[in-house]
>>> print(open('final04.txt').read())   # compact mmCIF, C-alpha atoms
# COMPACT_ATOMS: atom_id res chain seq x y z
CA MET A 1 0.00 0.00 0.00
CA ILE A 2 2.87 2.37 0.73
CA ILE A 3 4.34 1.68 -2.71
CA PHE A 4 0.95 2.34 -4.25
CA ARG A 5 0.64 5.70 -2.48
CA ARG A 6 4.14 6.75 -3.49
CA ALA A 7 3.37 5.91 -7.10
CA LEU A 8 0.20 7.93 -6.80
CA GLN A 9 2.11 10.91 -5.41
CA ARG A 10 4.42 10.81 -8.42
CA GLU A 11 1.40 10.66 -10.69
CA PHE A 12 -0.09 13.69 -8.91
CA VAL A 13 3.13 15.60 -9.59
CA HIS A 14 3.30 14.60 -13.25
CA ALA A 15 -0.37 15.39 -13.93
CA ALA A 16 -0.16 18.71 -12.09
CA GLY A 17 3.00 19.63 -14.02
CA ALA A 18 1.32 18.96 -17.35
CA VAL A 19 -1.77 20.95 -16.35
CA PHE A 20 0.37 23.85 -15.09
CA ILE A 21 2.33 24.06 -18.35
CA VAL A 22 -0.87 24.20 -20.41
CA LEU A 23 -2.64 26.73 -18.17
CA PHE A 24 0.44 28.94 -17.81
CA ALA A 25 0.89 28.99 -21.58
CA VAL A 26 -2.75 30.03 -21.96
CA LEU A 27 -2.28 32.76 -19.32
CA ILE A 28 0.83 34.16 -21.00
CA THR A 29 -0.94 34.13 -24.38
CA ILE A 30 -3.96 36.04 -23.02
CA VAL A 31 -1.79 38.65 -21.29
CA LEU A 32 0.41 39.00 -24.38
CA ILE A 33 -2.55 39.52 -26.72
CA ARG A 34 -4.06 42.14 -24.41
CA LEU A 35 -0.79 44.07 -24.07
CA LEU A 36 0.01 43.86 -27.77
CA GLY A 37 -3.39 45.35 -28.50
CA GLN A 38 -2.64 48.20 -26.10
CA ALA A 39 0.81 48.68 -27.64
CA ALA A 40 -0.67 48.78 -31.15
CA GLY A 41 -3.13 51.44 -29.99
CA GLY A 42 -0.34 53.54 -28.50
CA ARG A 43 -1.44 53.13 -24.88
CA VAL A 44 1.59 51.04 -23.91
CA PRO A 45 5.12 51.51 -25.32
CA ALA A 46 6.54 48.50 -27.13
CA ASP A 47 9.57 48.34 -24.84
CA ALA A 48 7.31 47.94 -21.78
CA VAL A 49 5.41 44.86 -22.96
CA LEU A 50 7.77 42.26 -21.48
CA ALA A 51 7.83 43.87 -18.05
CA LEU A 52 4.03 44.17 -17.95
CA ILE A 53 3.70 40.52 -19.04
CA GLY A 54 5.81 39.51 -16.05
CA PHE A 55 3.72 41.55 -13.60
CA GLY A 56 0.45 40.33 -15.13
CA SER A 57 1.47 36.66 -14.95
CA LEU A 58 2.45 37.01 -11.28
CA THR A 59 -0.93 38.51 -10.35
CA ASP A 60 -2.89 35.71 -12.07
CA LEU A 61 -0.59 32.85 -11.07
CA PRO A 62 -2.61 31.86 -7.93
CA ILE A 63 -5.62 31.07 -10.14
CA VAL A 64 -3.44 28.89 -12.36
CA LEU A 65 -2.00 27.04 -9.35
CA THR A 66 -5.48 26.48 -7.88
CA LEU A 67 -6.68 24.90 -11.12
CA THR A 68 -3.44 22.92 -11.31
CA VAL A 69 -4.02 21.31 -7.91
CA PHE A 70 -7.69 20.62 -8.64
CA LEU A 71 -7.29 19.19 -12.13
CA GLY A 72 -4.07 17.31 -11.34
CA ILE A 73 -5.74 15.31 -8.57
CA LEU A 74 -8.94 14.86 -10.55
CA LEU A 75 -7.21 13.52 -13.66
CA SER A 76 -4.98 11.16 -11.68
CA LEU A 77 -7.83 9.59 -9.74
CA SER A 78 -10.04 9.42 -12.82
CA ARG A 79 -7.35 7.45 -14.61
CA GLY A 80 -7.35 5.03 -11.68
CA TYR A 81 -11.06 4.41 -12.21
CA ARG A 82 -10.67 3.98 -15.97
CA ASP A 83 -7.77 1.53 -15.63
CA SER A 84 -9.55 -0.41 -12.88
CA GLU A 85 -6.88 0.41 -10.32
CA MET A 86 -9.63 1.51 -7.95
CA VAL A 87 -10.95 -2.08 -8.07
CA VAL A 88 -7.73 -3.18 -6.38
CA TRP A 89 -8.00 -0.33 -3.88
CA PHE A 90 -11.56 -1.11 -2.82
CA SER A 91 -11.04 -4.87 -2.98
CA SER A 92 -8.27 -4.56 -0.40
CA GLY A 93 -10.81 -3.11 2.03
CA MET A 94 -9.69 0.56 1.77
CA PRO A 95 -12.56 3.09 1.73
CA LEU A 96 -12.78 6.22 -0.41
CA THR A 97 -11.96 8.40 2.61
CA ALA A 98 -8.50 6.82 2.75
CA TRP A 99 -7.58 9.10 -0.17
CA ILE A 100 -7.92 12.22 1.98
CA ALA A 101 -4.48 11.89 3.60
CA PRO A 102 -2.49 11.38 0.35
CA VAL A 103 -4.37 14.22 -1.35
CA LEU A 104 -3.77 16.60 1.54
CA ARG A 105 -0.10 15.60 1.64
CA PHE A 106 0.19 16.68 -1.99
CA ALA A 107 -2.10 19.73 -1.91
CA PHE A 108 -1.11 21.36 1.37
CA PRO A 109 2.36 22.64 0.28
CA LEU A 110 0.86 24.07 -2.91
CA THR A 111 -1.91 25.67 -0.86
CA LEU A 112 0.71 27.41 1.27
CA LEU A 113 2.41 28.61 -1.90
CA ILE A 114 -0.89 29.95 -3.25
CA GLY A 115 -1.55 31.70 0.04
CA GLY A 116 1.88 33.34 0.00
CA MET A 117 1.42 34.52 -3.57
CA THR A 118 -2.11 35.82 -2.92
CA LEU A 119 -1.28 37.61 0.32
CA PHE A 120 2.17 38.97 -0.50
CA LEU A 121 3.49 38.44 -4.05
CA GLY A 122 0.26 39.37 -5.86
CA PRO A 123 -0.14 42.80 -4.17
CA TRP A 124 3.55 43.53 -4.76
CA ALA A 125 3.16 42.74 -8.48
CA HIS A 126 0.05 44.94 -8.70
CA GLN A 127 1.89 47.79 -7.00
CA LYS A 128 4.95 47.53 -9.23
CA SER A 129 2.78 47.32 -12.33
CA ALA A 130 0.88 50.47 -11.29
CA GLU A 131 4.13 52.33 -10.56
CA TYR A 132 5.58 51.25 -13.89
CA ARG A 133 2.50 52.46 -15.75
CA VAL A 134 2.74 55.80 -13.94
CA GLN A 135 6.34 56.13 -15.10
CA LEU A 136 5.24 55.40 -18.66
CA GLU A 137 2.53 58.04 -18.45
CA SER A 138 5.08 60.54 -17.09
CA ARG A 139 7.25 60.34 -20.18
CA ASP A 140 7.47 63.42 -22.33
CA ASP A 141 6.09 63.50 -25.85
CA THR A 142 9.36 62.63 -27.58
CA GLN A 143 9.62 59.34 -25.71
CA ARG A 144 6.16 58.36 -26.93
CA ILE A 145 7.02 58.62 -30.61
CA ALA A 146 7.39 55.33 -32.47
CA PRO A 147 8.01 54.88 -36.23
CA GLY A 148 4.90 54.19 -38.29
CA VAL A 149 2.45 54.73 -35.40
CA PHE A 150 0.24 57.72 -34.61
CA ARG A 151 0.87 58.63 -30.98
CA GLU A 152 -1.07 61.01 -28.75
CA SER A 153 0.74 63.33 -26.37
CA SER A 154 0.31 63.15 -22.61
CA GLY A 155 -1.97 66.19 -22.66
CA ALA A 156 -4.11 64.74 -25.48
CA ARG A 157 -3.58 67.93 -27.52
CA ARG A 158 -0.98 66.70 -30.00
CA VAL A 159 -0.73 63.75 -32.35
CA PHE A 160 2.68 62.69 -33.68
CA PHE A 161 3.65 60.51 -36.60
CA VAL A 162 7.16 59.59 -37.75
CA GLU A 163 7.60 57.46 -40.86
CA VAL A 164 11.26 56.55 -40.35
CA GLY A 165 12.80 56.13 -36.90
CA ALA A 166 15.93 57.74 -35.58
CA GLY A 167 19.19 56.52 -37.04
CA ASP A 168 22.71 56.76 -35.68
CA ASP A 169 22.59 60.57 -35.84
CA GLY A 170 19.31 60.74 -33.91
CA ARG A 171 17.33 62.24 -36.79
CA VAL A 172 13.87 61.13 -37.93
CA SER A 173 12.30 61.54 -41.35
CA ASN A 174 8.85 62.55 -42.61
CA VAL A 175 7.42 64.05 -39.43
CA PHE A 176 3.73 64.90 -38.94
CA VAL A 177 2.41 66.86 -35.94
CA SER A 178 -1.21 67.87 -35.34
CA GLU A 179 -2.09 70.23 -32.48
CA GLU A 180 -5.49 71.49 -31.28
CA GLY A 181 -6.17 74.54 -29.16
CA ASP A 182 -8.64 77.46 -28.84
CA ASP A 183 -10.93 76.05 -31.58
CA LYS A 184 -7.98 76.06 -33.98
CA LEU A 185 -6.06 73.30 -35.64
CA ALA A 186 -2.37 73.45 -36.51
CA VAL A 187 -0.69 70.84 -38.70
CA VAL A 188 3.08 70.72 -39.16
CA VAL A 189 4.85 68.50 -41.68
CA ALA A 190 8.60 68.34 -42.11
CA SER A 191 11.08 66.22 -43.99
CA ARG A 192 13.46 65.80 -41.04
CA GLY A 193 13.50 66.28 -37.28
CA SER A 194 15.81 65.94 -34.31
CA LEU A 195 16.03 66.58 -30.57
CA TYR A 196 18.05 69.30 -28.88
CA THR A 197 18.80 69.99 -25.22
CA ASP A 198 20.20 73.38 -24.18
CA GLU A 199 22.51 74.18 -21.29
CA LYS A 200 19.61 74.64 -18.85
CA GLY A 201 18.23 71.20 -19.59
CA ASN A 202 15.29 72.37 -21.70
CA ARG A 203 14.39 69.98 -24.50
CA TYR A 204 13.36 71.04 -28.00
CA VAL A 205 12.18 69.38 -31.18
CA ILE A 206 13.80 70.88 -34.23
CA LEU A 207 12.00 70.36 -37.56
CA GLU A 208 13.65 71.16 -40.88
CA HIS A 209 12.27 71.92 -44.33
CA GLY A 210 8.56 71.79 -43.76
CA ARG A 211 5.28 73.67 -43.58
CA ARG A 212 2.78 74.71 -40.94
CA TYR A 213 -0.95 74.95 -41.63
CA ASP A 214 -3.08 77.01 -39.22
CA GLY A 215 -6.84 77.26 -39.49
CA ARG A 216 -10.23 76.87 -37.93
CA PRO A 217 -12.05 73.61 -38.74
CA GLY A 218 -15.21 74.14 -40.84
CA THR A 219 -14.16 77.54 -42.16
CA PRO A 220 -12.06 78.58 -45.17
CA GLU A 221 -9.76 80.64 -42.94
CA TYR A 222 -6.30 79.14 -42.84
CA ARG A 223 -2.67 80.18 -43.07
CA VAL A 224 0.27 78.39 -44.63
CA MET A 225 3.81 79.01 -43.45
CA ALA A 226 6.94 77.42 -44.95
CA PHE A 227 10.05 77.12 -42.83
CA ASP A 228 13.59 75.87 -43.02
CA ARG A 229 13.93 75.40 -39.27
CA TYR A 230 11.12 75.14 -36.74
CA GLN A 231 11.83 74.78 -33.01
CA VAL A 232 9.29 73.64 -30.41
CA ARG A 233 9.95 73.37 -26.70
CA ILE A 234 8.77 70.19 -24.99
CA GLU A 235 7.31 70.41 -21.51
CA SER A 236 8.22 67.40 -19.39
CA SER A 237 5.24 65.70 -17.84
CA GLN A 238 5.01 65.83 -14.09
CA GLN A 239 5.00 62.44 -12.46
CA THR A 240 1.70 61.83 -10.73
CA ALA A 241 0.94 59.49 -7.92
CA GLY A 242 -0.27 56.06 -8.86
CA PRO A 243 -3.89 55.14 -8.51
CA SER A 244 -4.94 53.90 -5.09
CA LYS A 245 -6.17 50.40 -5.79
CA MET A 246 -7.02 47.86 -3.16
CA ARG A 247 -5.36 45.04 -5.10
CA ALA A 248 -2.07 46.98 -5.06
CA LYS A 249 -2.07 47.47 -1.29
CA SER A 250 -0.24 45.06 0.97
CA THR A 251 -2.14 42.75 3.28
CA PHE A 252 -0.71 44.55 6.31
CA GLU A 253 -2.11 47.87 5.03
CA LEU A 254 -5.54 46.28 4.54
CA PHE A 255 -5.56 45.06 8.14
CA GLN A 256 -4.65 48.56 9.31
CA GLU A 257 -7.36 50.32 7.30
CA GLN A 258 -10.28 48.03 8.28
CA ASP A 259 -12.76 49.81 5.98
CA LYS A 260 -15.34 48.08 3.79
CA ARG A 261 -13.24 47.88 0.63
CA ALA A 262 -10.20 46.63 2.55
CA LEU A 263 -12.25 43.93 4.25
CA GLY A 264 -13.69 42.89 0.89
CA GLU A 265 -10.20 42.52 -0.54
CA LEU A 266 -9.19 40.44 2.49
CA VAL A 267 -12.14 38.12 1.78
CA PHE A 268 -10.79 37.47 -1.71
CA ARG A 269 -7.16 37.03 -0.65
CA SER A 270 -8.03 34.68 2.20
CA GLY A 271 -10.55 32.75 0.12
CA THR A 272 -8.19 31.78 -2.70
CA PRO A 273 -5.90 29.38 -0.74
CA LEU A 274 -8.88 27.95 1.17
CA ALA A 275 -10.63 27.31 -2.13
CA ALA A 276 -7.56 25.47 -3.43
CA LEU A 277 -7.62 23.17 -0.39
CA PHE A 278 -11.35 22.41 -0.59
CA LEU A 279 -11.18 21.87 -4.35
CA ALA A 280 -8.39 19.33 -3.83
CA LEU A 281 -10.69 17.39 -1.49
CA LEU A 282 -13.66 17.77 -3.84
CA ALA A 283 -11.60 16.13 -6.58
CA ILE A 284 -11.75 12.79 -4.68
CA PRO A 285 -15.49 12.12 -5.05
CA LEU A 286 -15.70 13.97 -8.38
CA SER A 287 -13.06 11.69 -9.92
CA PHE A 288 -15.43 8.71 -10.20
CA VAL A 289 -15.65 7.52 -13.80
CA ASN A 290 -17.66 4.60 -15.11
CA PRO A 291 -15.49 2.98 -17.80
CA ARG A 292 -18.63 2.10 -19.74
CA ALA A 293 -19.85 5.71 -19.80
CA GLY A 294 -18.31 8.96 -21.03
CA ARG A 295 -14.92 10.06 -19.72
CA THR A 296 -15.47 13.84 -19.71
CA ASN A 297 -18.65 14.13 -17.67
CA ASN A 298 -16.87 14.43 -14.34
CA LEU A 299 -14.36 16.92 -15.79
CA LEU A 300 -17.15 19.20 -17.03
CA LEU A 301 -18.90 18.95 -13.67
CA ALA A 302 -15.63 19.78 -11.86
CA ILE A 303 -15.04 22.89 -13.99
CA PHE A 304 -18.64 23.97 -13.40
CA ILE A 305 -18.20 23.58 -9.62
CA TYR A 306 -14.96 25.59 -9.75
CA LEU A 307 -16.67 28.45 -11.59
CA ILE A 308 -19.52 28.54 -9.09
CA TYR A 309 -17.07 28.42 -6.17
CA ASN A 310 -14.91 31.21 -7.54
CA ASN A 311 -17.92 33.39 -8.36
CA ALA A 312 -19.31 32.83 -4.86
CA ILE A 313 -16.07 34.21 -3.39
CA LEU A 314 -16.23 37.23 -5.72
CA VAL A 315 -19.88 37.88 -4.81
CA CYS A 316 -19.07 37.74 -1.09
CA GLN A 317 -16.14 40.10 -1.68
CA SER A 318 -18.44 42.56 -3.46
CA TRP A 319 -21.09 42.38 -0.74
CA VAL A 320 -18.54 42.93 2.03
CA SER A 321 -17.06 45.89 0.10
CA GLN A 322 -20.56 47.39 -0.20
CA GLY A 323 -21.39 46.80 3.45
CA ARG A 324 -24.18 44.35 2.64
CA MET A 325 -22.55 41.42 4.46
CA TRP A 326 -20.45 40.96 7.57
CA PHE A 327 -16.78 40.25 7.08
CA SER A 328 -16.84 36.97 9.02
CA LEU A 329 -19.88 35.73 7.09
CA GLY A 330 -18.39 36.70 3.73
CA LEU A 331 -15.14 35.00 4.66
CA LEU A 332 -16.72 31.69 5.74
CA LEU A 333 -19.92 31.33 3.69
CA PRO A 334 -18.42 30.08 0.35
CA HIS A 335 -16.20 27.57 2.13
CA LEU A 336 -19.01 26.30 4.36
CA LEU A 337 -21.07 25.65 1.25
CA ALA A 338 -18.09 23.86 -0.29
CA LEU A 339 -17.70 21.80 2.89
CA ALA A 340 -21.40 20.83 2.76
CA LEU A 341 -21.05 19.82 -0.89
CA LEU A 342 -17.94 17.81 -0.03
CA ALA A 343 -19.78 15.93 2.72
CA LEU A 344 -22.72 15.26 0.39
CA LEU A 345 -20.52 13.88 -2.39
CA PHE A 346 -18.59 11.66 0.00
CA TYR A 347 -21.85 10.38 1.46
CA ARG A 348 -23.19 9.49 -1.97
CA ARG A 349 -19.98 7.72 -3.00
CA LEU A 350 -19.78 5.80 0.28
CA ALA A 351 -23.47 4.92 0.32
CA VAL A 352 -23.60 3.62 -3.24
CA THR A 353 -21.83 0.32 -3.84
CA PRO A 354 -19.43 0.48 -6.82
CA PHE A 355 -20.67 -1.23 -9.94
CA TRP A 356 -17.92 -3.89 -9.82
CA ARG A 357 -18.95 -4.83 -6.28
CA ARG A 358 -22.60 -5.05 -7.34
CA ARG A 359 -21.59 -7.30 -10.24
CA ALA A 360 -19.44 -9.46 -7.97
CA ALA A 361 -22.24 -9.67 -5.40
CA GLY A 362 -24.72 -10.62 -8.12
CA SER A 363 -22.41 -13.31 -9.43
CA ALA A 364 -21.90 -14.68 -5.93
CA SER A 365 -25.65 -14.78 -5.26
CA ARG A 366 -26.29 -16.52 -8.55
CA GLY A 367 -23.58 -19.03 -7.69
CA GLN A 368 -25.15 -19.68 -4.31
CA ASP A 369 -28.59 -20.17 -5.92
CA GLU A 370 -27.16 -22.61 -8.44
CA ALA A 371 -25.37 -24.50 -5.67
CA SER A 372 -28.58 -24.67 -3.63
CA GLY A 373 -30.46 -25.96 -6.67
CA GLU A 374 -27.89 -28.67 -7.24
CA GLU A 375 -28.15 -29.75 -3.61
CA LEU A 376 -31.93 -29.97 -3.87
CA LYS A 377 -31.68 -32.07 -7.01
CA THR A 378 -29.17 -34.36 -5.33
CA GLU A 379 -31.43 -34.80 -2.32
CA GLY A 380 -34.43 -35.51 -4.58
CA LYS A 381 -32.57 -38.28 -6.41
CA ALA A 382 -31.44 -39.95 -3.21
CA PRO A 383 -33.43 -43.16 -2.24
>>> encode(input="final04.txt", output="structure tokens")
Amino acid sequence: MIIFRRALQREFVHAAGAVFIVLFAVLITIVLIRLLGQAAGGRVPADAVLALIGFGSLTDLPIVLTLTVFLGILLSLSRGYRDSEMVVWFSSGMPLTAWIAPVLRFAFPLTLLIGGMTLFLGPWAHQKSAEYRVQLESRDDTQRIAPGVFRESSGARRVFFVEVGAGDDGRVSNVFVSEEGDDKLAVVVASRGSLYTDEKGNRYVILEHGRRYDGRPGTPEYRVMAFDRYQVRIESSQQTAGPSKMRAKSTFELFQEQDKRALGELVFRSGTPLAALFLALLAIPLSFVNPRAGRTNNLLLAIFIYLIYNNAILVCQSWVSQGRMWFSLGLLLPHLLALALLALLFYRRLAVTPFWRRRAAGSASRGQDEASGEELKTEGKAP
């Protein structure tokens, strides 16, 4: 039995590793697509995509690990039912509840890891991501320019376009600048452009060989000015404080604040590792598979239960944040429901005799009936 449990632990690790690789690849793909869309729209610089992918993957990693624990145990035990290994387990007199200890031995370290990431690493990643985005927003207009992309300035008054990026000499080619102000529109086009910093540290954009068009939209009034050299001073953006988000605050700060939103965030952070532990236990009764029936029914039911469980935690978080539910009730209610469901599923699996036992019992009863019939026939033929 010890050898069997050790083999099962290795199978838990292998199944969880395969599930983690798949889910983490899906997570990275989703974050990458979202950030590439923002970069294409000019909201995120291209050189910041990799850093934001790292922060985004760290914030969503507890969800991936929770699903990894749940599906890893579920798939391993379901394979045992399909390959009739559970027949050996139950035939040796071991009940279904004997799986609780091996499952907890595998899931508890991962639950501690999920708790550490949810309570400490996740808020740190949210905070660093918010600070990094603030630094990106604090860049001046010249740092926002990218070749072949229309970029809006930090004040939303200018639009820049550069066809060819800066070369070794720092010059750009085919520059377009559109500026709005006081119901007027100014458009500047130039063949070349460069940056210049004076002795006082003031930065300028110098455009060469171009034209400036000034006018009022919707009217024929406009003015055209040709220039050989056009100099514009760039005002550096002032760095603003990052947005105050609950997800970016540390767990210690949430305990200190003790307001409704902070308590709601604590409900979510505390509920994630507890959900991982209860889902690992729920995988034991949910793993039952009849080899004669479909093999994906229990997997679909398990995913459905996970979605309901996760949404219940989010609903309780929202109600606590709005003051519609006590903190203690919002913290315990989803897990008490999960505990009740766990007890119900174990009761049903323990109360119902497995199909192989029913078949064996039926065969034994038929054998006893046939033996009794033979005895009666023998007694009837006796003198």
>>> closest_residue(input="final04.txt", among="A:Leu263, A:Tyr306, A:Leu350, A:Leu23", to="Ser328 of chain A", atoms="all atoms listed in the file")
A:Leu263
>>> residues_around(input="final04.txt", residues="segment 276-290 of chain A", least_positions_apart="4", cutoff="6 Å", atoms="all atoms listed in the file", output="PyMOL selection string")
chain A and resi 66+70+74+77-78+81+342+345-346
>>> closest_residue(input="final04.txt", among="A:Val44, A:Ala107, A:Leu58, A:Leu207", to="Val134 of chain A", atoms="only C-alpha atoms")
A:Val44
>>> residues_around(input="final04.txt", residues="Glu11 of chain A", least_positions_apart="4", cutoff="9 Å", atoms="only C-alpha atoms", output="PyMOL selection string")
chain A and resi 6-7+15-16+72-73+76
>>> write_last_selection(input="final04.txt", atoms="C-alpha atoms", output="mmCIF file, keeping the file's coordinate frame")
data_model
loop_
_atom_site.group_PDB
_atom_site.id
_atom_site.type_symbol
_atom_site.label_atom_id
_atom_site.label_comp_id
_atom_site.auth_asym_id
_atom_site.auth_seq_id
_atom_site.Cartn_x
_atom_site.Cartn_y
_atom_site.Cartn_z
ATOM 1 C CA ARG A 6 4.140 6.750 -3.490
ATOM 2 C CA ALA A 7 3.370 5.910 -7.100
ATOM 3 C CA ALA A 15 -0.370 15.390 -13.930
ATOM 4 C CA ALA A 16 -0.160 18.710 -12.090
ATOM 5 C CA GLY A 72 -4.070 17.310 -11.340
ATOM 6 C CA ILE A 73 -5.740 15.310 -8.570
ATOM 7 C CA SER A 76 -4.980 11.160 -11.680
#
>>> atom_distance(input="final04.txt", atom1="atom CA of Asn297 of chain A", atom2="atom CA of Val69 of chain A")
19.0 Å
>>> residues_around(input="final04.txt", residues="Ser129 of chain A", least_positions_apart="6", cutoff="8 Å", atoms="all atoms listed in the file", output="ChimeraX atom specification")
/A:52,55-56
>>> closest_atom_pairs(input="final04.txt", of="segment 203-298 of chain A", to="segment 168-185 of chain A", cutoff="7 Å", atoms="all atoms listed in the file", output="Markdown table")
| residue | atom | partner | partner_atom | distance |
| --- | --- | --- | --- | --- |
| A:Asp214 | CA | A:Leu185 | CA | 6.0 |
| A:Gly215 | CA | A:Leu185 | CA | 5.6 |
| A:Arg216 | CA | A:Lys184 | CA | 4.6 |
| A:Pro217 | CA | A:Lys184 | CA | 6.7 |
>>> atom_distance(input="final04.txt", atom1="atom CA of Leu274 of chain A", atom2="atom CA of Val320 of chain A")
17.8 Å
>>> closest_residue(input="final04.txt", among="A:Leu61, A:Leu329, A:Leu119, A:Val187", to="Phe252 of chain A", atoms="only C-alpha atoms")
A:Leu119
>>> closest_residue(input="final04.txt", among="A:Val189, A:Leu50, A:Leu113, A:Val315", to="Val162 of chain A", atoms="all atoms listed in the file")
A:Val189
>>> atom_distance(input="final04.txt", atom1="atom CA of Val205 of chain A", atom2="atom CA of Gln231 of chain A")
5.7 Å
